[in-house]
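Asker: I'm passing along model09.txt; it holds compact mmCIF, N, CA and C atoms.
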# COMPACT_ATOMS: atom_id res chain seq x y z
N GLN A 26 -29.43 -5.71 57.96
CA GLN A 26 -28.06 -5.93 57.53
C GLN A 26 -27.91 -5.70 56.03
N VAL A 27 -26.79 -5.14 55.66
CA VAL A 27 -26.44 -4.95 54.26
C VAL A 27 -25.06 -5.57 54.06
N GLN A 28 -24.94 -6.43 53.07
CA GLN A 28 -23.65 -7.01 52.73
C GLN A 28 -23.12 -6.32 51.49
N LEU A 29 -21.85 -5.97 51.52
CA LEU A 29 -21.23 -5.23 50.42
C LEU A 29 -19.99 -5.99 49.94
N VAL A 30 -19.88 -6.13 48.63
CA VAL A 30 -18.73 -6.83 48.05
C VAL A 30 -18.16 -5.98 46.93
N GLU A 31 -16.91 -5.54 47.10
CA GLU A 31 -16.23 -4.73 46.08
C GLU A 31 -15.52 -5.63 45.08
N SER A 32 -15.35 -5.11 43.88
CA SER A 32 -14.58 -5.79 42.85
C SER A 32 -14.05 -4.74 41.88
N GLY A 33 -13.11 -5.16 41.03
CA GLY A 33 -12.63 -4.28 39.99
C GLY A 33 -11.25 -3.69 40.25
N GLY A 34 -10.69 -3.94 41.41
CA GLY A 34 -9.36 -3.42 41.68
C GLY A 34 -8.31 -4.15 40.87
N GLY A 35 -7.08 -3.61 40.91
CA GLY A 35 -6.00 -4.24 40.18
C GLY A 35 -4.81 -3.32 40.05
N LEU A 36 -3.91 -3.70 39.16
CA LEU A 36 -2.69 -2.94 38.90
C LEU A 36 -2.85 -2.20 37.58
N VAL A 37 -2.55 -0.90 37.60
CA VAL A 37 -2.69 -0.08 36.41
C VAL A 37 -1.56 0.93 36.38
N GLN A 38 -1.18 1.34 35.18
CA GLN A 38 -0.14 2.36 35.07
C GLN A 38 -0.73 3.74 35.31
N ALA A 39 0.13 4.65 35.72
CA ALA A 39 -0.30 6.03 35.91
C ALA A 39 -0.92 6.55 34.62
N GLY A 40 -2.03 7.28 34.77
CA GLY A 40 -2.77 7.78 33.63
C GLY A 40 -3.87 6.86 33.15
N GLY A 41 -3.87 5.65 33.67
CA GLY A 41 -4.87 4.67 33.26
C GLY A 41 -6.18 4.81 34.02
N SER A 42 -7.07 3.86 33.78
CA SER A 42 -8.42 3.89 34.37
C SER A 42 -8.77 2.53 34.95
N LEU A 43 -9.64 2.59 35.96
CA LEU A 43 -10.26 1.40 36.53
C LEU A 43 -11.68 1.76 36.91
N ARG A 44 -12.55 0.76 36.91
CA ARG A 44 -13.90 0.95 37.44
C ARG A 44 -14.14 -0.06 38.55
N LEU A 45 -14.38 0.47 39.73
CA LEU A 45 -14.71 -0.37 40.88
C LEU A 45 -16.23 -0.54 40.95
N SER A 46 -16.62 -1.72 41.39
CA SER A 46 -18.04 -2.02 41.60
C SER A 46 -18.23 -2.46 43.05
N CYS A 47 -19.40 -2.18 43.57
CA CYS A 47 -19.75 -2.63 44.90
C CYS A 47 -21.17 -3.17 44.83
N ALA A 48 -21.30 -4.48 44.99
CA ALA A 48 -22.61 -5.13 44.93
C ALA A 48 -23.17 -5.26 46.34
N ALA A 49 -24.42 -4.85 46.50
CA ALA A 49 -25.07 -4.86 47.81
C ALA A 49 -26.17 -5.90 47.85
N SER A 50 -26.34 -6.49 49.01
CA SER A 50 -27.46 -7.41 49.23
C SER A 50 -27.98 -7.18 50.63
N GLY A 51 -29.22 -7.62 50.85
CA GLY A 51 -29.81 -7.42 52.15
C GLY A 51 -30.94 -6.42 52.08
N ARG A 52 -30.88 -5.41 52.92
CA ARG A 52 -31.95 -4.43 52.98
C ARG A 52 -32.01 -3.59 51.72
N THR A 53 -33.05 -2.81 51.58
CA THR A 53 -33.31 -2.08 50.35
C THR A 53 -32.17 -1.13 50.04
N PHE A 54 -31.44 -1.50 49.00
CA PHE A 54 -30.25 -0.74 48.61
C PHE A 54 -30.59 0.70 48.28
N SER A 55 -31.71 0.91 47.63
CA SER A 55 -32.04 2.25 47.14
C SER A 55 -32.27 3.25 48.27
N ASN A 56 -32.48 2.79 49.48
CA ASN A 56 -32.70 3.69 50.61
C ASN A 56 -31.42 4.23 51.21
N TYR A 57 -30.30 3.66 50.82
CA TYR A 57 -29.03 4.00 51.46
C TYR A 57 -28.22 4.96 50.61
N ALA A 58 -27.53 5.87 51.28
CA ALA A 58 -26.45 6.60 50.65
C ALA A 58 -25.24 5.69 50.64
N MET A 59 -24.41 5.83 49.62
CA MET A 59 -23.25 4.97 49.47
C MET A 59 -21.99 5.81 49.36
N GLY A 60 -20.91 5.29 49.90
CA GLY A 60 -19.65 6.01 49.85
C GLY A 60 -18.50 5.10 49.47
N TRP A 61 -17.46 5.73 48.96
CA TRP A 61 -16.19 5.05 48.73
C TRP A 61 -15.12 5.74 49.59
N PHE A 62 -14.34 4.92 50.26
CA PHE A 62 -13.20 5.38 51.04
C PHE A 62 -11.97 4.60 50.58
N ARG A 63 -10.80 5.09 50.98
CA ARG A 63 -9.59 4.35 50.67
C ARG A 63 -8.61 4.47 51.82
N GLN A 64 -7.72 3.50 51.90
CA GLN A 64 -6.71 3.49 52.95
C GLN A 64 -5.41 2.97 52.39
N ALA A 65 -4.42 3.83 52.45
CA ALA A 65 -3.07 3.47 52.03
C ALA A 65 -2.30 2.96 53.24
N PRO A 66 -1.24 2.18 53.02
CA PRO A 66 -0.45 1.65 54.15
C PRO A 66 0.06 2.77 55.04
N GLY A 67 -0.17 2.62 56.33
CA GLY A 67 0.33 3.59 57.30
C GLY A 67 -0.48 4.87 57.37
N LYS A 68 -1.59 4.93 56.65
CA LYS A 68 -2.41 6.14 56.65
C LYS A 68 -3.82 5.83 57.13
N GLU A 69 -4.52 6.87 57.53
CA GLU A 69 -5.90 6.71 57.96
C GLU A 69 -6.81 6.53 56.75
N ARG A 70 -7.95 5.92 57.02
CA ARG A 70 -8.95 5.78 55.96
C ARG A 70 -9.47 7.17 55.58
N GLU A 71 -9.55 7.43 54.28
CA GLU A 71 -9.98 8.74 53.84
C GLU A 71 -11.14 8.65 52.86
N PHE A 72 -11.96 9.66 52.90
CA PHE A 72 -13.13 9.77 52.04
C PHE A 72 -12.71 9.98 50.59
N VAL A 73 -13.43 9.33 49.68
CA VAL A 73 -13.18 9.51 48.26
C VAL A 73 -14.40 10.13 47.57
N ALA A 74 -15.56 9.50 47.73
CA ALA A 74 -16.76 9.97 47.06
C ALA A 74 -17.99 9.38 47.72
N ALA A 75 -19.13 10.04 47.53
CA ALA A 75 -20.38 9.53 48.07
C ALA A 75 -21.52 9.92 47.15
N ILE A 76 -22.59 9.15 47.24
CA ILE A 76 -23.77 9.41 46.44
C ILE A 76 -25.00 9.13 47.29
N ARG A 77 -25.94 10.05 47.24
CA ARG A 77 -27.17 9.87 48.01
C ARG A 77 -28.11 8.90 47.30
N ARG A 78 -29.12 8.47 48.02
CA ARG A 78 -30.10 7.58 47.42
C ARG A 78 -30.72 8.25 46.20
N SER A 79 -31.07 7.42 45.23
CA SER A 79 -31.66 7.91 43.98
C SER A 79 -30.80 8.97 43.31
N SER A 80 -29.49 8.93 43.60
CA SER A 80 -28.54 9.87 42.98
C SER A 80 -28.94 11.33 43.20
N LEU A 81 -29.49 11.64 44.37
CA LEU A 81 -29.92 13.01 44.66
C LEU A 81 -28.75 13.96 44.81
N GLY A 82 -27.57 13.42 45.06
CA GLY A 82 -26.40 14.28 45.20
C GLY A 82 -25.15 13.43 45.18
N THR A 83 -24.07 13.99 44.68
CA THR A 83 -22.77 13.32 44.69
C THR A 83 -21.73 14.27 45.28
N TYR A 84 -20.78 13.69 45.99
CA TYR A 84 -19.76 14.47 46.68
C TYR A 84 -18.41 13.81 46.46
N TYR A 85 -17.37 14.64 46.36
CA TYR A 85 -16.04 14.13 46.08
C TYR A 85 -14.99 14.80 46.95
N ALA A 86 -13.96 14.03 47.26
CA ALA A 86 -12.78 14.63 47.86
C ALA A 86 -12.09 15.50 46.82
N ASP A 87 -11.46 16.57 47.28
CA ASP A 87 -10.79 17.48 46.34
C ASP A 87 -9.73 16.75 45.53
N SER A 88 -9.10 15.75 46.12
CA SER A 88 -8.00 15.06 45.46
C SER A 88 -8.45 14.23 44.26
N VAL A 89 -9.75 13.96 44.15
CA VAL A 89 -10.23 13.12 43.04
C VAL A 89 -11.22 13.84 42.13
N LYS A 90 -11.60 15.05 42.48
CA LYS A 90 -12.55 15.80 41.65
C LYS A 90 -12.04 15.93 40.23
N GLY A 91 -12.92 15.69 39.27
CA GLY A 91 -12.55 15.79 37.88
C GLY A 91 -11.91 14.53 37.31
N ARG A 92 -11.56 13.58 38.20
CA ARG A 92 -10.94 12.33 37.75
C ARG A 92 -11.81 11.12 38.05
N PHE A 93 -12.51 11.15 39.18
CA PHE A 93 -13.34 10.02 39.62
C PHE A 93 -14.82 10.39 39.49
N THR A 94 -15.63 9.39 39.20
CA THR A 94 -17.08 9.57 39.13
C THR A 94 -17.77 8.44 39.87
N ILE A 95 -18.64 8.80 40.80
CA ILE A 95 -19.43 7.81 41.51
C ILE A 95 -20.82 7.76 40.88
N SER A 96 -21.36 6.56 40.77
CA SER A 96 -22.70 6.39 40.23
C SER A 96 -23.32 5.15 40.86
N ARG A 97 -24.61 5.00 40.66
CA ARG A 97 -25.29 3.82 41.21
C ARG A 97 -26.36 3.35 40.26
N ASP A 98 -26.63 2.07 40.33
CA ASP A 98 -27.72 1.46 39.57
C ASP A 98 -28.58 0.71 40.58
N ASN A 99 -29.67 1.33 40.99
CA ASN A 99 -30.49 0.73 42.03
C ASN A 99 -31.15 -0.57 41.56
N ALA A 100 -31.37 -0.71 40.26
CA ALA A 100 -31.96 -1.95 39.75
C ALA A 100 -31.00 -3.13 39.91
N LYS A 101 -29.70 -2.82 39.92
CA LYS A 101 -28.68 -3.86 40.06
C LYS A 101 -28.07 -3.89 41.45
N ASN A 102 -28.57 -3.04 42.35
CA ASN A 102 -28.02 -2.97 43.71
C ASN A 102 -26.51 -2.78 43.71
N THR A 103 -26.05 -1.89 42.87
CA THR A 103 -24.61 -1.73 42.68
C THR A 103 -24.24 -0.25 42.63
N VAL A 104 -23.12 0.08 43.24
CA VAL A 104 -22.54 1.41 43.14
C VAL A 104 -21.18 1.27 42.48
N TYR A 105 -20.82 2.26 41.68
CA TYR A 105 -19.60 2.22 40.90
C TYR A 105 -18.70 3.40 41.25
N LEU A 106 -17.42 3.20 41.01
CA LEU A 106 -16.47 4.30 41.09
C LEU A 106 -15.59 4.21 39.84
N GLN A 107 -15.84 5.11 38.90
CA GLN A 107 -15.01 5.19 37.71
C GLN A 107 -13.81 6.07 38.02
N MET A 108 -12.63 5.53 37.85
CA MET A 108 -11.40 6.24 38.20
C MET A 108 -10.57 6.42 36.93
N ASN A 109 -10.38 7.67 36.55
CA ASN A 109 -9.59 8.00 35.37
C ASN A 109 -8.37 8.80 35.78
N MET A 110 -7.41 8.89 34.88
CA MET A 110 -6.18 9.66 35.12
C MET A 110 -5.57 9.27 36.46
N LEU A 111 -5.45 8.00 36.70
CA LEU A 111 -4.95 7.52 37.98
C LEU A 111 -3.51 7.94 38.22
N LYS A 112 -3.21 8.19 39.49
CA LYS A 112 -1.88 8.61 39.91
C LYS A 112 -1.33 7.60 40.92
N PRO A 113 -0.02 7.53 41.07
CA PRO A 113 0.53 6.60 42.08
C PRO A 113 -0.02 6.86 43.47
N GLU A 114 -0.34 8.10 43.79
CA GLU A 114 -0.88 8.41 45.12
C GLU A 114 -2.31 7.93 45.31
N ASP A 115 -2.93 7.41 44.27
CA ASP A 115 -4.25 6.80 44.41
C ASP A 115 -4.16 5.35 44.89
N THR A 116 -2.94 4.84 44.99
CA THR A 116 -2.75 3.46 45.45
C THR A 116 -3.27 3.29 46.86
N ALA A 117 -4.15 2.32 47.06
CA ALA A 117 -4.77 2.09 48.36
C ALA A 117 -5.72 0.91 48.25
N VAL A 118 -6.21 0.49 49.40
CA VAL A 118 -7.36 -0.42 49.44
C VAL A 118 -8.61 0.45 49.43
N TYR A 119 -9.50 0.17 48.52
CA TYR A 119 -10.73 0.93 48.37
C TYR A 119 -11.91 0.16 48.98
N TYR A 120 -12.67 0.88 49.79
CA TYR A 120 -13.80 0.29 50.48
C TYR A 120 -15.09 1.00 50.08
N CYS A 121 -16.16 0.25 49.91
CA CYS A 121 -17.45 0.89 49.78
C CYS A 121 -18.19 0.74 51.11
N ALA A 122 -19.13 1.64 51.33
CA ALA A 122 -19.84 1.68 52.59
C ALA A 122 -21.25 2.19 52.37
N ALA A 123 -22.16 1.79 53.25
CA ALA A 123 -23.56 2.20 53.16
C ALA A 123 -23.96 2.95 54.41
N ALA A 124 -24.75 4.00 54.21
CA ALA A 124 -25.19 4.83 55.33
C ALA A 124 -26.67 5.16 55.19
N GLN A 125 -27.31 5.42 56.30
CA GLN A 125 -28.67 5.93 56.25
C GLN A 125 -28.63 7.29 55.57
N ASP A 126 -29.51 7.48 54.58
CA ASP A 126 -29.57 8.77 53.90
C ASP A 126 -30.36 9.73 54.78
N THR A 127 -29.66 10.71 55.33
CA THR A 127 -30.27 11.63 56.29
C THR A 127 -30.80 12.90 55.63
N GLY A 128 -30.87 12.90 54.30
CA GLY A 128 -31.35 14.10 53.63
C GLY A 128 -30.19 14.99 53.23
N PRO A 129 -30.48 16.25 52.92
CA PRO A 129 -29.43 17.16 52.45
C PRO A 129 -28.26 17.28 53.42
N ILE A 130 -28.48 17.08 54.73
CA ILE A 130 -27.39 17.19 55.69
C ILE A 130 -26.34 16.12 55.46
N PHE A 131 -26.68 15.11 54.68
CA PHE A 131 -25.70 14.06 54.42
C PHE A 131 -24.46 14.63 53.74
N TYR A 132 -24.62 15.77 53.09
CA TYR A 132 -23.45 16.42 52.49
C TYR A 132 -22.38 16.66 53.54
N VAL A 133 -22.79 17.05 54.73
CA VAL A 133 -21.84 17.31 55.81
C VAL A 133 -21.29 16.01 56.38
N LEU A 134 -22.12 15.00 56.45
CA LEU A 134 -21.75 13.75 57.10
C LEU A 134 -20.97 12.80 56.20
N SER A 135 -21.07 12.99 54.90
CA SER A 135 -20.62 11.97 53.95
C SER A 135 -19.15 11.64 54.05
N THR A 136 -18.34 12.58 54.53
CA THR A 136 -16.90 12.34 54.57
C THR A 136 -16.46 11.59 55.82
N ARG A 137 -17.35 11.36 56.74
CA ARG A 137 -16.98 10.75 58.03
C ARG A 137 -17.22 9.25 58.01
N PRO A 138 -16.21 8.44 58.23
CA PRO A 138 -16.43 6.98 58.28
C PRO A 138 -17.49 6.58 59.30
N THR A 139 -17.60 7.34 60.37
CA THR A 139 -18.56 6.98 61.43
C THR A 139 -20.01 7.15 60.98
N ALA A 140 -20.23 7.83 59.87
CA ALA A 140 -21.60 8.00 59.37
C ALA A 140 -22.12 6.75 58.68
N TYR A 141 -21.23 5.82 58.40
CA TYR A 141 -21.58 4.63 57.62
C TYR A 141 -21.76 3.42 58.52
N ASP A 142 -22.78 2.64 58.21
CA ASP A 142 -23.14 1.51 59.06
C ASP A 142 -22.56 0.19 58.56
N TYR A 143 -22.36 0.08 57.27
CA TYR A 143 -21.92 -1.19 56.69
C TYR A 143 -20.74 -0.94 55.76
N TRP A 144 -19.81 -1.90 55.76
CA TRP A 144 -18.58 -1.78 54.99
C TRP A 144 -18.32 -3.08 54.24
N GLY A 145 -17.71 -2.93 53.06
CA GLY A 145 -17.21 -4.09 52.35
C GLY A 145 -15.82 -4.47 52.82
N GLN A 146 -15.27 -5.49 52.20
CA GLN A 146 -13.96 -6.01 52.64
C GLN A 146 -12.80 -5.30 51.97
N GLY A 147 -13.09 -4.52 50.94
CA GLY A 147 -12.05 -3.75 50.26
C GLY A 147 -11.50 -4.43 49.03
N THR A 148 -11.00 -3.61 48.12
CA THR A 148 -10.33 -4.10 46.91
C THR A 148 -9.08 -3.26 46.68
N GLN A 149 -7.98 -3.92 46.35
CA GLN A 149 -6.69 -3.24 46.21
C GLN A 149 -6.58 -2.56 44.84
N VAL A 150 -6.17 -1.32 44.87
CA VAL A 150 -5.84 -0.58 43.64
C VAL A 150 -4.39 -0.16 43.74
N THR A 151 -3.61 -0.53 42.75
CA THR A 151 -2.19 -0.18 42.72
C THR A 151 -1.89 0.54 41.41
N VAL A 152 -1.35 1.74 41.52
CA VAL A 152 -1.02 2.54 40.34
C VAL A 152 0.49 2.66 40.28
N SER A 153 1.06 2.16 39.20
CA SER A 153 2.51 2.21 39.04
C SER A 153 2.91 3.46 38.27
N SER A 154 4.09 3.95 38.58
CA SER A 154 4.58 5.18 37.91
C SER A 154 5.35 4.85 36.65
Just dump the structure as structure tokens.
Answerer:
Amino acid sequence: QVQLVESGGGLVQAGGSLRLSCAASGRTFSNYAMGWFRQAPGKEREFVAAIRRSSLGTYYADSVKGRFTISRDNAKNTVYLQMNMLKPEDTAVYYCAAAQDTGPIFYVLSTRPTAYDYWGQGTQVTVSS
């Protein structure tokens, strides 16, 4: 079992920044690939970013490329999502998730919620215009 707890959400004006954190406990964090997803009201959960174990690779949704950065600190069992140049359309509940790192093929799997075994409870991000 892996327990995930997100933090860092809040209300920010368009153009502003937030950094989300996801603290993991339980099984060896460094063995897992980690992802961030988001879900806006009335919409499906969508992929935001992912990072393989030991930061072997990072992947982003086109909508956040150049604005968001995913990183991890295995010593602290934490994954981060730095969000810059926020837009109102970034408003959503943000979830972190953990998946078995399947190697380079994880690039293909990373965008699928079904690839992830463990999920946090989510943190609300609201961007005002």
Asker: Ranking A:Leu29, A:Arg97, A:Gly128, A:Phe72 by minimum distance to Ser50 (chain A) and counting only N, CA and C atoms, which one comes first?
Answerer: A:Leu29
Asker: Edge lengths and centre in Å to one decimal, as lines of an AutoDock Vina configuration file, is what I'm after for the box along x, y and z that holds all listed atoms of region 52-55 of chain A once 8 Å is added on each side.
Answerer:
center_x = -31.8
center_y = -1.1
center_z = 50.1
size_x = 19.1
size_y = 24.7
size_z = 21.8
Asker: I'd like the contact shell of region 54-68 of chain A - 6 Å cut-off, all atoms listed in the file, skipping same-chain residues fewer than 3 positions apart - returned as a list in words.
Answerer: Gly51, Glu71, Phe72, Val73, Ala74, Ala75, Ile76, Arg77, Arg78, Ser79, Asn99, Asn102, Thr116, Ala117, Val118, Tyr119, Tyr120, Cys121, Ala122, Ala123, Ala124, Gln125 and Asp126 of chain A
Asker: Could you go through chain A and tell me which residues DSSP, when run on the backbone, assigns to alpha helix (DSSP H), listing them as a PDB file with N, CA and C atoms, in the coordinates of the input?
Answerer:
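The resulting result_28.pdb:
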ATOM      1  N   PHE A 131     -26.680  15.110  54.680  1.00  0.00           N
ATOM      2  CA  PHE A 131     -25.700  14.060  54.420  1.00  0.00           C
ATOM      3  C   PHE A 131     -24.460  14.630  53.740  1.00  0.00           C
ATOM      4  N   TYR A 132     -24.620  15.770  53.090  1.00  0.00           N
ATOM      5  CA  TYR A 132     -23.450  16.420  52.490  1.00  0.00           C
ATOM      6  C   TYR A 132     -22.380  16.660  53.540  1.00  0.00           C
ATOM      7  N   VAL A 133     -22.790  17.050  54.730  1.00  0.00           N
ATOM      8  CA  VAL A 133     -21.840  17.310  55.810  1.00  0.00           C
ATOM      9  C   VAL A 133     -21.290  16.010  56.380  1.00  0.00           C
ATOM     10  N   LEU A 134     -22.120  15.000  56.450  1.00  0.00           N
ATOM     11  CA  LEU A 134     -21.750  13.750  57.100  1.00  0.00           C
ATOM     12  C   LEU A 134     -20.970  12.800  56.200  1.00  0.00           C
TER      13      LEU A 134
END
Asker: So that I can check the surroundings of Leu36 (chain A), please list as an MDAnalysis selection string every protein, DNA and RNA residue that reaches within 8 Å of it, counting all atoms listed in the file and ignoring chain neighbours fewer than 4 positions away.
Answerer: chainID A and resid 149:153
Asker: In Å, with one decimal, what is the gap from atom N of Thr53 (chain A) to CA of Gln28 (chain A)?
Answerer: 10.4 Å
Asker: So which bits of region 79-135 of chain A end up strand (DSSP E or B) when you DSSP the backbone, as a VMD selection string?
Answerer: chain A and resid 83 to 85 93 to 98 103 to 108 117 to 125
Asker: If I take atom C of Arg44 (chain A) and CA of Gly91 (chain A), how far is one from the other in Å, to one decimal?
Answerer: 15.9 Å
